[in-house]
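See below for the structure under consideration.
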Amino acid sequence: MTTTPQPAPESAEALRDALGLLKDREQVAERLLESSRRHSFDADKELDWDAPMPADKWFWPPELVSLYDTPLWRRMSQEQRMELARHEAASLASLGIWFEIILMQLLVRHIYDKSLTSSHVRYALTEIADECRHSMMFARMITHSGTPAYPVSRLNHNLARVLKTVSTTPGSFACTLLGEEVLDWMQRLTFPDERIQPLVRGVTRIHVVEEARHVRYAREELRRQMVTAPRWQQEMTRISCGEAARVFSVAFVNPQVYTNVGLDRREAVAQVKASGHRREVMQAGAKRLTDFLDDVGILRGVGRRMWKSSGLLA
């Protein structure tokens, strides 16, 4: 009897890029699902939300505050510096919620046409559940810090509406990594820092542990997408990722924080833009990501120039 050979499933294809052979998609998802079973947290139960917040603790490492080491920073009192750190932590948490809501929609689009019983889809649904908890955790932290929420500008809000509607699949994962990896770098410096509020350290610890899985999933899938996508999608990904880097760098800290702590907004924004320290911090936070994006062929041509103009790439 003659047996007709069956085509290999997508997960079994031997795909390769500049970083080597890609791992089997289902095996990656199964490992991430196992990690999720062992290392997932309920912030409502894990963290002591009723504990008092010590007056002598920072809400964000001073070296990561946007005005650090500027002439304006040197004129500020210690109390005003700590107040700015409190508001910037709330601004970053607000930015994190915005990114996570976008990410959840992109993940739902990604799995819409895929096998609903696959491990790849099951992990995407697990990640969506993680992001729901993270968004609620960040919102609760903002409330407990006694600051307002800091939404992005209406322009950036609507630009993101367009992005999440028209983004290609590789573009979605590239933008996902942009939103995750820079903040992750900062949070890895925050949660072990004993100068920081215990609640903030607890929030960032949970986020770092769970976000490591999200980064792995996005990196593996972006590599696969850049190998298999048609040339027009690859080029569109380079451009959309570069535009996302520009929006991210502008939206990273809401300038209303300066007004709310009694600073001249225009002077503060100008000094942040001129700050060599701030530029070094942002580029250091993006370095691991930009190295990876360069390896997988995204930082090329117009896209690379856009990344440089954003200030995230030296």
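For the structure tokens, the naming scheme is as follows: chains receive sequential letters (A, B, ...) according to their order of presentation, residues are indexed from 1 within each chain, and ligands are indexed from 1 in presentation order.
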* To do: Identify, on the basis of only C-alpha atoms, every residue whose closest approach to range 37-54 of chain A does not exceed 12 Å; exclude the query and any residue fewer than 4 positions from it along the same chain; express the result as number ranges by chain.
  => A: 30-33, 58-59, 86, 123, 126-127, 129-146, 194-213
At most 12 Å is the cut-off: for each residue in range 84-194 of chain A with any atom that close to an atom of range 240-259 of chain A, write down the nearest atom pair and the distance in Å rounded to one decimal, counting only C-alpha atoms, chain first then increasing number, as a Markdown table.
```
| residue | atom | partner | partner_atom | distance |
| --- | --- | --- | --- | --- |
| A:Leu84 | CA | A:Val257 | CA | 7.0 |
| A:Ala85 | CA | A:Val257 | CA | 9.3 |
| A:Arg86 | CA | A:Val257 | CA | 9.3 |
| A:His87 | CA | A:Val257 | CA | 5.8 |
| A:Glu88 | CA | A:Val253 | CA | 6.6 |
| A:Ala89 | CA | A:Val253 | CA | 9.1 |
| A:Ala90 | CA | A:Val257 | CA | 9.1 |
| A:Ser91 | CA | A:Val253 | CA | 6.0 |
| A:Leu92 | CA | A:Val253 | CA | 6.6 |
| A:Ala93 | CA | A:Val253 | CA | 10.1 |
| A:Ser94 | CA | A:Asn254 | CA | 9.4 |
| A:Leu95 | CA | A:Phe252 | CA | 7.0 |
| A:Gly96 | CA | A:Phe252 | CA | 9.6 |
| A:Trp98 | CA | A:Ala251 | CA | 10.7 |
| A:Phe99 | CA | A:Phe248 | CA | 9.7 |
| A:Thr147 | CA | A:Val257 | CA | 9.6 |
| A:Pro148 | CA | A:Val257 | CA | 9.5 |
| A:Ala149 | CA | A:Asn254 | CA | 9.9 |
| A:Tyr150 | CA | A:Asn254 | CA | 6.4 |
| A:Pro151 | CA | A:Asn254 | CA | 7.6 |
| A:Val152 | CA | A:Ala251 | CA | 6.2 |
| A:Ser153 | CA | A:Ala251 | CA | 7.7 |
| A:Arg154 | CA | A:Ala251 | CA | 10.9 |
| A:Leu155 | CA | A:Val247 | CA | 9.8 |
| A:Asn156 | CA | A:Val247 | CA | 6.8 |
| A:His157 | CA | A:Ala251 | CA | 9.9 |
| A:Asn158 | CA | A:Val247 | CA | 11.4 |
| A:Leu159 | CA | A:Val247 | CA | 8.7 |
| A:Ala160 | CA | A:Ala244 | CA | 8.6 |
| A:Val162 | CA | A:Ser240 | CA | 10.9 |
| A:Leu163 | CA | A:Ser240 | CA | 7.9 |
| A:Lys164 | CA | A:Ser240 | CA | 10.7 |
| A:Val166 | CA | A:Ser240 | CA | 10.0 |
| A:Ser167 | CA | A:Ser240 | CA | 7.7 |
| A:Thr168 | CA | A:Ser240 | CA | 9.0 |
| A:Thr169 | CA | A:Ser240 | CA | 11.3 |
| A:Pro170 | CA | A:Cys241 | CA | 9.5 |
| A:Gly171 | CA | A:Cys241 | CA | 6.3 |
| A:Ser172 | CA | A:Cys241 | CA | 8.6 |
| A:Phe173 | CA | A:Cys241 | CA | 9.4 |
| A:Ala174 | CA | A:Cys241 | CA | 6.3 |
| A:Cys175 | CA | A:Cys241 | CA | 5.9 |
| A:Thr176 | CA | A:Cys241 | CA | 9.6 |
| A:Leu177 | CA | A:Cys241 | CA | 9.9 |
| A:Leu178 | CA | A:Ala245 | CA | 7.1 |
| A:Gly179 | CA | A:Phe248 | CA | 7.7 |
| A:Glu180 | CA | A:Phe248 | CA | 11.2 |
| A:Glu181 | CA | A:Phe248 | CA | 12.0 |
| A:Val182 | CA | A:Phe248 | CA | 10.0 |
| A:Leu183 | CA | A:Phe252 | CA | 9.6 |
```
* Asked: So how far away is CA of Val121 in chain A from CA of Leu107 in chain A, in Å?
  ->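 CA of Val121 in chain A lies 9.3 Å from CA of Leu107 in chain A.
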* Find the residues near Gly276 in chain A: any atom within 12 Å, counting only C-alpha atoms, skip ones fewer than 5 places away on the same chain, and give them as a PyMOL selection string. => chain A and resi 66-71+271+281-283+311+314
* Residue neighbourhood Tyr217 in chain A, 8 Å, only C-alpha atoms, exclusion window fewer than 2 positions, as a PyMOL selection string -> chain A and resi 28-29+32+213-215+219-221
Include N, CA and C atoms and write out the residues we just selected as an mmCIF file, in the first residue's frame.
```cif
data_model
loop_
_atom_site.group_PDB
_atom_site.id
_atom_site.type_symbol
_atom_site.label_atom_id
_atom_site.label_comp_id
_atom_site.auth_asym_id
_atom_site.auth_seq_id
_atom_site.Cartn_x
_atom_site.Cartn_y
_atom_site.Cartn_z
ATOM 1 N N VAL A 28 8.182 25.367 23.006
ATOM 2 C CA VAL A 28 8.386 26.636 23.716
ATOM 3 C C VAL A 28 7.158 26.957 24.560
ATOM 4 N N ALA A 29 5.984 26.821 23.956
ATOM 5 C CA ALA A 29 4.751 27.139 24.675
ATOM 6 C C ALA A 29 4.537 26.215 25.870
ATOM 7 N N LEU A 32 6.686 27.348 28.703
ATOM 8 C CA LEU A 32 6.165 28.573 29.292
ATOM 9 C C LEU A 32 4.903 28.312 30.112
ATOM 10 N N ARG A 213 8.519 35.496 30.954
ATOM 11 C CA ARG A 213 7.865 34.532 30.055
ATOM 12 C C ARG A 213 7.318 35.237 28.816
ATOM 13 N N HIS A 214 6.738 36.420 29.031
ATOM 14 C CA HIS A 214 6.139 37.156 27.926
ATOM 15 C C HIS A 214 7.206 37.565 26.908
ATOM 16 N N VAL A 215 8.358 37.970 27.418
ATOM 17 C CA VAL A 215 9.460 38.360 26.533
ATOM 18 C C VAL A 215 9.934 37.154 25.721
ATOM 19 N N ARG A 219 9.808 37.057 21.701
ATOM 20 C CA ARG A 219 11.058 36.943 20.944
ATOM 21 C C ARG A 219 11.027 35.736 20.004
ATOM 22 N N GLU A 220 10.598 34.603 20.524
ATOM 23 C CA GLU A 220 10.557 33.402 19.689
ATOM 24 C C GLU A 220 9.608 33.594 18.514
ATOM 25 N N GLU A 221 8.465 34.212 18.779
ATOM 26 C CA GLU A 221 7.490 34.371 17.700
ATOM 27 C C GLU A 221 7.936 35.440 16.708
#
```
* Between CA of Arg305 in chain A and CA of Ser275 in chain A - distance in Å to one decimal -> 20.8 Å
* Run DSSP on the backbone of this structure and report the residues of range 114-277 of chain A it assigns to helix (DSSP H, G or I), as a PyMOL selection string. => chain A and resi 119-145+154-166+169-190+198-228+231-251+256-260+265-274+276-277
* CA of Thr190 in chain A to CA of Trp73 in chain A: how many Å, to one decimal? ->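 So the answer is 20.2 Å.
With distances restricted to only C-alpha atoms, A:Met226 is the closest residue to Asp294 in chain A from A:Met226, A:Ala270, A:Lys57, A:His277.
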* Which of A:Lys308, A:Arg231, A:Lys114, A:Arg223 sits closest to Asp295 in chain A [using only C-alpha atoms] ->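 Looking at the shortest contact to Asp295 in chain A, the residue is A:Arg223.
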